[in-house]
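One file, protein-v9.cif, is given below (mmCIF, C-alpha atoms).
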data_input
#
loop_
_atom_site.label_atom_id
_atom_site.label_comp_id
_atom_site.auth_asym_id
_atom_site.auth_seq_id
_atom_site.Cartn_x
_atom_site.Cartn_y
_atom_site.Cartn_z
CA MET A 1 110.91 105.19 149.72
CA SER A 2 110.67 108.27 147.57
CA LEU A 3 112.87 108.62 144.53
CA ILE A 4 114.84 111.48 146.07
CA GLU A 5 115.65 109.47 149.20
CA PHE A 6 116.57 106.53 147.02
CA LEU A 7 118.95 108.65 144.95
CA GLN A 8 120.56 110.11 148.07
CA MET A 9 121.15 106.67 149.51
CA ASN A 10 122.37 105.02 146.34
CA TYR A 11 124.11 107.73 144.37
CA GLU A 12 127.46 105.96 144.65
CA VAL A 13 126.14 102.74 143.14
CA ILE A 14 124.41 104.67 140.38
CA LEU A 15 127.58 106.60 139.63
CA GLN A 16 129.62 103.38 139.51
CA SER A 17 127.10 101.82 137.14
CA LEU A 18 127.23 104.88 134.92
CA VAL A 19 131.04 104.76 134.79
CA ARG A 20 130.97 101.04 133.99
CA HIS A 21 128.38 101.69 131.27
CA LEU A 22 130.62 104.34 129.73
CA GLU A 23 133.57 101.94 129.85
CA LEU A 24 131.58 99.26 128.03
CA VAL A 25 130.44 101.70 125.34
CA ILE A 26 133.77 103.43 124.79
CA ILE A 27 135.87 100.25 124.69
CA SER A 28 133.58 98.35 122.34
CA VAL A 29 132.99 101.26 119.97
CA SER A 30 136.77 101.88 119.87
CA ALA A 31 137.32 98.21 119.06
CA GLY A 32 134.69 98.50 116.35
CA ILE A 33 136.46 101.53 114.88
CA VAL A 34 139.92 99.94 115.00
CA ILE A 35 138.70 96.84 113.16
CA SER A 36 136.13 98.33 110.80
CA ILE A 37 137.92 101.31 109.28
CA PRO A 38 140.99 99.36 108.04
CA LEU A 39 138.70 96.54 106.90
CA GLY A 40 136.47 99.03 105.08
CA ILE A 41 139.51 100.52 103.33
CA PHE A 42 140.70 97.03 102.41
CA LEU A 43 137.27 96.18 100.96
CA SER A 44 137.25 99.37 98.92
CA ARG A 45 140.49 98.16 97.32
CA HIS A 46 139.19 94.60 96.80
CA ARG A 47 135.58 95.21 95.88
CA LYS A 48 134.82 91.62 94.94
CA LEU A 49 135.13 90.68 98.62
CA ALA A 50 132.85 93.49 99.74
CA GLY A 51 129.53 91.74 99.04
CA PRO A 52 130.18 88.59 101.09
CA VAL A 53 131.92 90.39 103.96
CA LEU A 54 129.18 93.03 104.28
CA SER A 55 126.41 90.45 104.20
CA ALA A 56 128.20 88.34 106.83
CA ALA A 57 128.42 91.42 109.05
CA GLY A 58 124.75 92.10 108.25
CA THR A 59 123.76 88.64 109.46
CA ILE A 60 125.54 89.25 112.77
CA GLN A 61 123.38 92.35 113.12
CA THR A 62 120.15 90.33 112.89
CA ILE A 63 121.15 88.18 115.88
CA PRO A 64 119.18 89.49 118.87
CA GLY A 65 121.31 91.15 121.58
CA LEU A 66 120.18 88.73 124.25
CA VAL A 67 121.34 85.78 122.13
CA MET A 68 124.72 87.30 121.35
CA LEU A 69 125.35 88.01 125.02
CA GLY A 70 124.17 84.51 125.95
CA LEU A 71 126.57 82.90 123.49
CA ALA A 72 129.41 85.14 124.65
CA LEU A 73 128.63 84.10 128.22
CA ILE A 74 128.94 80.42 127.31
CA PHE A 75 132.21 80.89 125.43
CA PHE A 76 133.93 83.45 127.66
CA GLY A 77 132.31 83.10 131.07
CA ILE A 78 130.70 85.75 133.20
CA GLY A 79 131.79 89.38 133.52
CA MET A 80 132.98 92.22 131.36
CA LYS A 81 134.97 90.29 128.76
CA PRO A 82 132.07 88.43 127.12
CA ALA A 83 130.04 91.64 127.09
CA LEU A 84 132.86 93.54 125.36
CA VAL A 85 133.23 90.81 122.71
CA ALA A 86 129.50 90.78 121.94
CA LEU A 87 129.20 94.56 121.90
CA SER A 88 132.26 94.99 119.68
CA LEU A 89 130.75 92.60 117.14
CA TYR A 90 127.63 94.77 117.02
CA ALA A 91 129.70 97.90 116.56
CA LEU A 92 131.33 96.54 113.41
CA LEU A 93 128.68 96.69 110.71
CA PRO A 94 127.55 100.33 110.68
CA ILE A 95 131.14 101.61 110.70
CA LEU A 96 132.30 99.05 108.14
CA ARG A 97 129.44 99.74 105.75
CA ASN A 98 129.79 103.51 106.01
CA THR A 99 133.57 103.42 105.57
CA TYR A 100 133.21 101.27 102.46
CA THR A 101 130.38 103.24 100.83
CA GLY A 102 131.98 106.55 101.87
CA ILE A 103 135.17 105.66 100.02
CA ILE A 104 133.66 104.11 96.91
CA GLU A 105 131.26 107.01 96.49
CA VAL A 106 134.09 109.53 96.17
CA ASP A 107 133.80 111.14 92.74
CA LYS A 108 135.93 109.28 90.16
CA GLY A 109 137.02 112.60 88.65
CA ILE A 110 138.57 113.71 91.94
CA ILE A 111 140.56 110.47 92.22
CA GLU A 112 141.75 110.88 88.61
CA ALA A 113 142.81 114.41 89.43
CA ALA A 114 144.76 113.18 92.47
CA LYS A 115 146.49 110.61 90.28
CA GLY A 116 147.11 113.27 87.67
CA ILE A 117 149.04 115.49 90.07
CA GLY A 118 151.25 112.51 90.90
CA MET A 119 149.81 111.26 94.18
CA THR A 120 150.56 107.67 95.09
CA SER A 121 147.73 105.32 96.02
CA ASN A 122 148.42 105.87 99.75
CA GLN A 123 148.50 109.62 99.39
CA THR A 124 145.21 109.53 97.47
CA LEU A 125 143.70 107.51 100.29
CA LEU A 126 144.93 109.73 103.11
CA LYS A 127 144.60 113.14 101.51
CA VAL A 128 141.63 112.71 99.19
CA GLU A 129 139.45 109.69 99.84
CA MET A 130 139.51 109.60 103.66
CA PRO A 131 138.69 113.30 104.17
CA LEU A 132 135.84 113.05 101.68
CA ALA A 133 134.51 109.86 103.28
CA LEU A 134 134.91 111.18 106.82
CA ALA A 135 131.36 112.47 107.23
CA SER A 136 129.98 109.09 106.22
CA ILE A 137 132.39 107.21 108.52
CA ILE A 138 131.48 109.36 111.51
CA GLY A 139 127.81 108.81 110.65
CA GLY A 140 128.52 105.08 110.97
CA ILE A 141 130.26 105.59 114.31
CA ARG A 142 127.22 107.50 115.52
CA ILE A 143 124.83 104.68 114.59
CA SER A 144 127.14 102.14 116.25
CA THR A 145 127.41 104.19 119.44
CA VAL A 146 123.65 104.59 119.80
CA TYR A 147 123.20 100.83 119.28
CA ILE A 148 125.91 100.00 121.78
CA VAL A 149 124.55 102.31 124.49
CA SER A 150 121.32 100.37 124.06
CA TRP A 151 122.80 96.86 123.93
CA ALA A 152 125.11 97.64 126.84
CA THR A 153 122.05 97.82 129.12
CA LEU A 154 121.69 94.08 128.47
CA ALA A 155 125.24 93.44 129.61
CA GLY A 156 124.03 93.63 133.21
CA LEU A 157 122.31 90.30 132.64
CA ILE A 158 125.63 88.51 132.22
CA GLY A 159 127.32 90.17 135.15
CA ALA A 160 129.12 92.94 133.31
CA GLY A 161 127.53 95.69 135.38
CA GLY A 162 126.49 99.02 133.95
CA LEU A 163 123.15 100.82 134.05
CA GLY A 164 121.39 97.68 132.85
CA ASP A 165 122.24 96.11 136.18
CA LEU A 166 120.08 98.71 137.95
CA ILE A 167 117.21 98.28 135.49
CA TRP A 168 117.46 94.53 135.85
CA THR A 169 117.43 94.71 139.67
CA GLY A 170 114.39 96.96 139.43
CA LEU A 171 112.60 94.60 137.04
CA SER A 172 113.22 91.49 139.08
CA THR A 173 112.26 93.05 142.42
CA TYR A 174 109.54 95.26 140.94
CA ASN A 175 111.26 98.34 142.34
CA THR A 176 110.42 101.47 140.34
CA ASN A 177 113.26 103.49 141.83
CA TYR A 178 115.90 101.12 140.50
CA ILE A 179 114.25 101.06 137.08
CA LEU A 180 114.22 104.85 136.87
CA ALA A 181 117.79 105.14 138.18
CA GLY A 182 119.00 102.88 135.36
CA ALA A 183 116.64 103.73 132.52
CA VAL A 184 116.70 107.51 132.64
CA PRO A 185 120.53 107.94 132.66
CA SER A 186 120.94 105.34 129.89
CA ALA A 187 118.40 107.15 127.71
CA ILE A 188 120.10 110.51 128.39
CA LEU A 189 123.47 108.92 127.60
CA ALA A 190 122.17 107.77 124.22
CA PHE A 191 120.92 111.27 123.31
CA LEU A 192 124.14 112.87 124.51
CA PHE A 193 126.39 110.58 122.49
CA SER A 194 124.24 110.94 119.42
CA GLY A 195 124.24 114.74 119.71
CA LEU A 196 127.96 115.06 120.45
CA ILE A 197 128.96 112.88 117.51
CA GLU A 198 126.68 114.88 115.24
CA ILE A 199 128.46 118.06 116.31
CA LEU A 200 131.83 116.35 115.77
CA GLN A 201 130.68 115.36 112.30
CA ARG A 202 129.88 118.98 111.48
CA ILE A 203 133.24 120.18 112.76
CA LEU A 204 135.24 117.56 110.88
CA THR A 205 133.49 117.97 107.54
CA PRO A 206 135.95 119.58 105.10
CA ARG A 207 135.16 123.23 104.48
CA GLY A 208 134.50 122.67 100.80
CA LEU A 209 131.80 120.12 101.55
CA LYS A 210 129.80 122.15 104.05
CA GLY A 211 126.25 122.74 102.93
CA VAL A 212 126.42 119.71 100.65
CA ARG A 213 124.56 116.63 101.87
CA VAL A 214 126.93 113.68 101.86
CA MET B 1 109.14 70.54 119.63
CA ASN B 2 105.45 71.27 119.95
CA ASN B 3 106.30 73.75 122.63
CA LEU B 4 108.83 75.51 120.41
CA PHE B 5 106.22 75.78 117.65
CA ASN B 6 103.84 77.48 120.08
CA LEU B 7 106.55 79.94 121.07
CA ILE B 8 107.24 80.76 117.43
CA VAL B 9 103.55 81.41 116.80
CA GLU B 10 103.31 83.56 119.92
CA HIS B 11 106.42 85.50 118.93
CA MET B 12 105.01 86.23 115.48
CA LEU B 13 101.63 87.20 116.90
CA ILE B 14 103.18 89.74 119.26
CA VAL B 15 105.22 91.23 116.41
CA PHE B 16 102.33 91.27 113.91
CA VAL B 17 99.90 92.94 116.31
CA ALA B 18 102.50 95.58 117.18
CA ILE B 19 103.42 96.24 113.54
CA ALA B 20 99.77 96.43 112.45
CA ILE B 21 99.06 99.10 115.05
CA SER B 22 102.34 100.88 114.34
CA VAL B 23 101.59 101.00 110.59
CA ILE B 24 98.29 102.78 111.26
CA ILE B 25 99.76 105.25 113.76
CA GLY B 26 102.92 105.70 111.67
CA ILE B 27 101.10 106.49 108.42
CA VAL B 28 98.76 108.92 110.19
CA PHE B 29 101.73 110.77 111.69
CA GLY B 30 103.59 110.65 108.39
CA VAL B 31 100.62 112.27 106.67
CA ILE B 32 100.28 114.88 109.43
CA ALA B 33 103.98 115.70 109.05
CA TYR B 34 103.45 116.04 105.28
CA TRP B 35 100.34 118.22 105.52
CA MET B 36 101.52 120.48 108.30
CA ARG B 37 104.97 121.61 107.32
CA HIS B 38 105.57 123.42 110.62
CA VAL B 39 105.26 120.30 112.77
CA ASP B 40 107.13 117.87 110.50
CA LYS B 41 110.50 118.45 112.23
CA LEU B 42 108.87 117.93 115.63
CA ILE B 43 107.23 114.63 114.62
CA LEU B 44 110.34 113.22 112.92
CA TRP B 45 112.53 114.33 115.82
CA THR B 46 110.20 112.73 118.39
CA VAL B 47 110.13 109.31 116.71
CA GLU B 48 113.89 109.44 116.32
CA ILE B 49 114.32 110.22 120.04
CA ILE B 50 112.11 107.24 120.92
CA GLN B 51 114.29 105.03 118.74
CA THR B 52 117.39 106.24 120.61
CA ILE B 53 116.12 105.12 124.05
CA PRO B 54 117.84 101.83 124.97
CA SER B 55 115.36 98.99 124.54
CA LEU B 56 115.69 97.57 128.05
CA ALA B 57 115.19 101.06 129.49
CA LEU B 58 112.11 101.73 127.37
CA LEU B 59 110.58 98.35 128.22
CA ALA B 60 111.29 98.81 131.93
CA LEU B 61 109.67 102.25 131.89
CA LEU B 62 106.66 100.91 130.01
CA MET B 63 106.41 98.12 132.53
CA ILE B 64 105.91 100.69 135.28
CA LEU B 65 102.90 101.92 133.29
CA PHE B 66 101.42 98.69 131.92
CA GLY B 67 102.69 96.00 134.28
CA LEU B 68 104.16 92.65 133.27
CA GLY B 69 103.02 90.88 130.14
CA ASN B 70 102.46 90.96 126.40
CA ILE B 71 100.78 94.38 126.38
CA THR B 72 103.99 96.07 127.56
CA MET B 73 106.03 94.28 124.90
CA ILE B 74 103.56 95.26 122.18
CA ALA B 75 103.59 98.88 123.36
CA GLY B 76 107.40 98.90 123.21
CA LEU B 77 107.47 97.40 119.72
CA ILE B 78 104.89 99.90 118.47
CA LEU B 79 107.07 102.78 119.68
CA TYR B 80 110.23 101.34 118.13
CA ALA B 81 108.53 100.58 114.81
CA LEU B 82 107.23 104.15 114.39
CA MET B 83 110.48 105.71 113.19
CA PRO B 84 111.02 103.86 109.88
CA ILE B 85 107.30 103.99 109.03
CA VAL B 86 106.76 107.68 109.80
CA ARG B 87 109.98 108.73 108.09
CA ASN B 88 109.37 106.69 104.95
CA THR B 89 105.72 107.83 104.69
CA HIS B 90 106.84 111.44 104.97
CA THR B 91 109.68 111.10 102.44
CA GLY B 92 107.49 109.05 100.11
CA LEU B 93 104.70 111.64 100.07
CA LEU B 94 107.18 114.49 99.56
CA GLY B 95 108.73 112.58 96.67
CA VAL B 96 105.52 112.34 94.59
CA ALA B 97 106.11 114.32 91.37
CA PRO B 98 104.67 117.86 91.69
CA TYR B 99 103.00 117.72 88.27
CA LEU B 100 100.95 114.70 89.39
CA LYS B 101 99.82 116.59 92.48
CA GLU B 102 98.96 119.59 90.29
CA ALA B 103 97.03 117.41 87.85
CA ALA B 104 95.02 115.88 90.70
CA LYS B 105 94.28 119.37 92.00
CA GLY B 106 93.32 120.50 88.51
CA MET B 107 90.80 117.66 88.26
CA GLY B 108 89.07 119.12 91.30
CA MET B 109 90.12 116.48 93.83
CA THR B 110 89.96 117.48 97.48
CA ARG B 111 93.01 117.16 99.69
CA LEU B 112 91.76 113.87 101.14
CA GLN B 113 91.00 112.45 97.69
CA ARG B 114 94.43 113.44 96.43
CA LEU B 115 95.98 111.70 99.40
CA ALA B 116 93.97 108.50 99.08
CA LYS B 117 93.93 108.17 95.29
CA VAL B 118 97.21 109.72 94.14
CA GLU B 119 99.79 110.45 96.80
CA LEU B 120 99.57 107.42 99.10
CA PRO B 121 99.49 104.86 96.25
CA LEU B 122 102.56 106.48 94.68
CA ALA B 123 104.38 106.65 98.00
CA PHE B 124 103.48 103.06 98.85
CA PRO B 125 106.74 101.35 97.74
CA LEU B 126 108.72 103.52 100.14
CA ILE B 127 106.19 103.07 102.94
CA PHE B 128 106.39 99.33 102.38
CA SER B 129 110.15 99.38 102.74
CA GLY B 130 109.72 101.25 106.05
CA ILE B 131 107.32 98.53 107.21
CA LYS B 132 109.86 95.90 106.22
CA ILE B 133 112.61 97.51 108.31
CA ALA B 134 110.23 97.86 111.26
CA LEU B 135 109.10 94.23 111.05
CA VAL B 136 112.58 92.74 110.77
CA ASN B 137 113.86 94.84 113.69
CA SER B 138 110.82 93.99 115.80
CA LEU B 139 111.34 90.25 115.38
CA SER B 140 114.69 90.59 117.08
CA ILE B 141 113.64 93.15 119.72
CA ALA B 142 110.64 90.98 120.73
CA VAL B 143 113.12 88.52 122.25
CA MET B 144 113.48 90.98 125.14
CA GLY B 145 109.87 90.28 126.06
CA VAL B 146 110.92 87.51 128.40
CA LEU B 147 112.52 90.10 130.69
CA ILE B 148 109.19 91.86 131.24
CA GLY B 149 107.02 88.78 131.46
CA ALA B 150 105.86 88.58 127.84
CA GLY B 151 105.87 85.35 125.82
CA GLY B 152 107.69 84.37 122.65
CA LEU B 153 111.10 83.02 121.73
CA GLY B 154 112.88 85.04 124.40
CA TYR B 155 111.88 82.38 126.90
CA PRO B 156 114.13 79.51 125.72
CA ILE B 157 116.96 81.99 125.13
CA TYR B 158 116.76 83.37 128.64
CA ARG B 159 116.44 79.89 130.16
CA GLY B 160 119.49 78.91 128.13
CA ILE B 161 121.47 81.85 129.53
CA GLN B 162 120.47 80.95 133.08
CA THR B 163 121.36 77.28 132.72
CA LEU B 164 124.35 77.88 130.41
CA SER B 165 122.71 75.63 127.83
CA MET B 166 123.82 76.33 124.27
CA GLU B 167 121.01 74.16 122.85
CA MET B 168 118.33 76.17 124.63
CA ILE B 169 119.78 79.48 123.43
CA LEU B 170 120.05 78.24 119.86
CA ALA B 171 116.56 76.70 119.97
CA GLY B 172 115.25 80.21 120.54
CA ALA B 173 117.79 82.11 118.49
CA ILE B 174 117.76 80.14 115.23
CA PRO B 175 114.01 80.58 114.59
CA VAL B 176 114.32 84.31 115.32
CA VAL B 177 117.23 84.84 112.93
CA LEU B 178 115.63 82.62 110.26
CA MET B 179 112.33 84.50 110.51
CA ALA B 180 114.15 87.81 110.20
CA LEU B 181 116.09 86.62 107.13
CA VAL B 182 113.01 85.05 105.47
CA PHE B 183 110.82 88.12 106.01
CA ASP B 184 113.63 90.37 104.81
CA TYR B 185 114.09 88.27 101.66
CA PHE B 186 110.43 88.03 100.65
CA MET B 187 109.53 91.59 101.55
CA SER B 188 112.55 92.85 99.58
CA LYS B 189 111.24 90.89 96.56
CA ILE B 190 107.80 92.47 96.92
CA GLU B 191 109.47 95.84 97.35
CA HIS B 192 111.39 95.47 94.07
CA ARG B 193 108.21 94.47 92.27
CA LEU B 194 106.38 97.49 93.69
CA ILE B 195 109.17 99.82 92.61
CA LYS B 196 109.20 98.34 89.11
CA LYS B 197 105.45 98.80 88.78
CA ALA B 198 105.59 102.40 89.94
#
Can I see the file as structure tokens?
Amino acid sequence: MSLIEFLQMNYEVILQSLVRHLELVIISVSAGIVISIPLGIFLSRHRKLAGPVLSAAGTIQTIPGLVMLGLALIFFGIGMKPALVALSLYALLPILRNTYTGIIEVDKGIIEAAKGIGMTSNQTLLKVEMPLALASIIGGIRISTVYIVSWATLAGLIGAGGLGDLIWTGLSTYNTNYILAGAVPSAILAFLFSGLIEILQRILTPRGLKGVRV
Amino acid sequence: MNNLFNLIVEHMLIVFVAIAISVIIGIVFGVIAYWMRHVDKLILWTVEIIQTIPSLALLALLMILFGLGNITMIAGLILYALMPIVRNTHTGLLGVAPYLKEAAKGMGMTRLQRLAKVELPLAFPLIFSGIKIALVNSLSIAVMGVLIGAGGLGYPIYRGIQTLSMEMILAGAIPVVLMALVFDYFMSKIEHRLIKKA
């Protein structure tokens, strides 16, 4: 069967896989953001804890994706839930590290100035530190997203669906059409996300910081 | 146990062969990017794009070209390892102090001599740290080999997933994570020593 015929016959399945893939990526990156940013802020206020917490998150990152998904499968069964748990764990580190370093690298003089004009600690955080750290935080989100688009292709192996399912079917039946139908969209998805977040980063950078490498 | 040992050796062999080839290709491209300023963006952009492709997708595509087996896995690892090596070679060469480059030129060294005797040695600590990142990442990516018929520690992990056996998964996973941590530790030590010497 030619690729065109294959696509005409199976476009619904491919579309479903794509939607499922997007779900996996968006949910787990959002979970990563919701956990990591507050934790990163907390660590920047309690810097003694930062070393151990960051290296623990770093160790999670060295666990191969296949292993993490396998363990999640054993603990949580088959389907989308174990995949989301494993993927969210992977999303943590880049965002956490970039939130923490983004905040602690804010110029001490600027924080003194904020204190000097009578800002409380919360105001300093929201109006000074967070905006200045934003470029770094979004950089972390970008790294996480690209990772997760990639790891999510493995989720097909534990029954979570997504584009990996198509690749996997293609690999196990030696069917090139399936491989292409899964691999090409997932690669395009990774570029798209990476590019879009980069644009977002440029838009959200405070005007005063444009042109300065953060 | 004996079997596990063989898998560990095979896993390391696959990674070492891939990294060795990637170091050669990576440094060559890093130098090309440094010498020819108008293609540097293109080279750096290309290796970054390759890195962005999901690993299962890249391996599956390579499998169409190379078939099942270790060759496909090695090809995939080479492609993934390029980015840190090319980028660090390029940045390292750019970072060599201009007065040293001038002095080498003043002594009548050719471009190739300057590269071999001055610029590459001075950029080496950074290149080494690129190789470290590539090696540690590759150890963990090589686990995927089992999906495209290559050997290594992916095998017990995948069998473990199929049979829901925690022991099997851990028997494959623990050596992989330990290897990654050990290589990271020792290569970071060497890296610090190199930086101190420089």
| Distance filter 6 Å, only C-alpha atoms, chain B against chain A, as a ChimeraX atom specification | /B:53-54,57,140,161,177
| message | For the provided coordinates, the residues matched by the PyMOL selection byres ((chain B and resi 118-128) around 8) should be stated as number ranges by chain. | response | B: 85, 88-89, 91-93, 95-96, 100-101, 104, 113-117, 129-132, 191, 194-195, 198
| Residues returned when the PyMOL selection byres ((chain B and resi 180) around 12) runs on this file, as a ChimeraX atom specification | /A:58-64 /B:11-12,15,132-142,173-179,181-188
| field | Residues matched by the PyMOL selection byres ((chain A and resi 161) around 12) as a ChimeraX atom specification | value | /A:13-24,78-84,152-160,162-169,182
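The environment of Ser88 of chain A within 7 Å, counting only C-alpha atoms and disregarding residues fewer than 6 places along the same chain, consists of Ser28, Val29, Ala31 and Gly32 of chain A.
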| Coordinates-based distance that separates atom CA of Val17 of chain B from atom CA of Ile74 of chain B (Å, one decimal) | 7.3 Å
| query | Taking all atoms listed in the file into account, which of B:Leu62, B:Leu4, B:Leu94, B:Leu77 comes nearest Ala33 of chain B? | reply | B:Leu94
| field | atom CA of Leu7 of chain B to atom CA of Tyr155 of chain B, distance in Å rounded to a single decimal | value | 8.3 Å
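Atom CA of Gly145 of chain B is found 21.2 Å from atom CA of Pro84 of chain B.
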| Residues within 12 Å of (102.0, 94.6, 131.5), file coords, all atoms listed in the file, listed as number ranges by chain | A: 171; B: 59-76, 145-151
| request: Using all atoms listed in the file, pick whichever of A:Pro206, A:Asn98, A:Arg45, A:Gly51 has the shortest atom-to-atom distance to Ser121 of chain A. | output: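 Smallest distance to Ser121 of chain A is found for A:Arg45.
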| said: Which residues are close to segment 132-139 of chain A, i.e. within 6 Å by only C-alpha atoms, leaving aside same-chain residues fewer than 3 positions away? Reply as a PyMOL selection string. | reply: chain A and resi 98-99+102-103+129+142+201+205
Just-selected residues, C-alpha atoms written as a compact mmCIF listing (two decimals), in the frame of the given file:
# COMPACT_ATOMS: atom_id res chain seq x y z
CA ASN A 98 129.79 103.51 106.01
CA THR A 99 133.57 103.42 105.57
CA GLY A 102 131.98 106.55 101.87
CA ILE A 103 135.17 105.66 100.02
CA GLU A 129 139.45 109.69 99.84
CA ARG A 142 127.22 107.50 115.52
CA GLN A 201 130.68 115.36 112.30
CA THR A 205 133.49 117.97 107.54
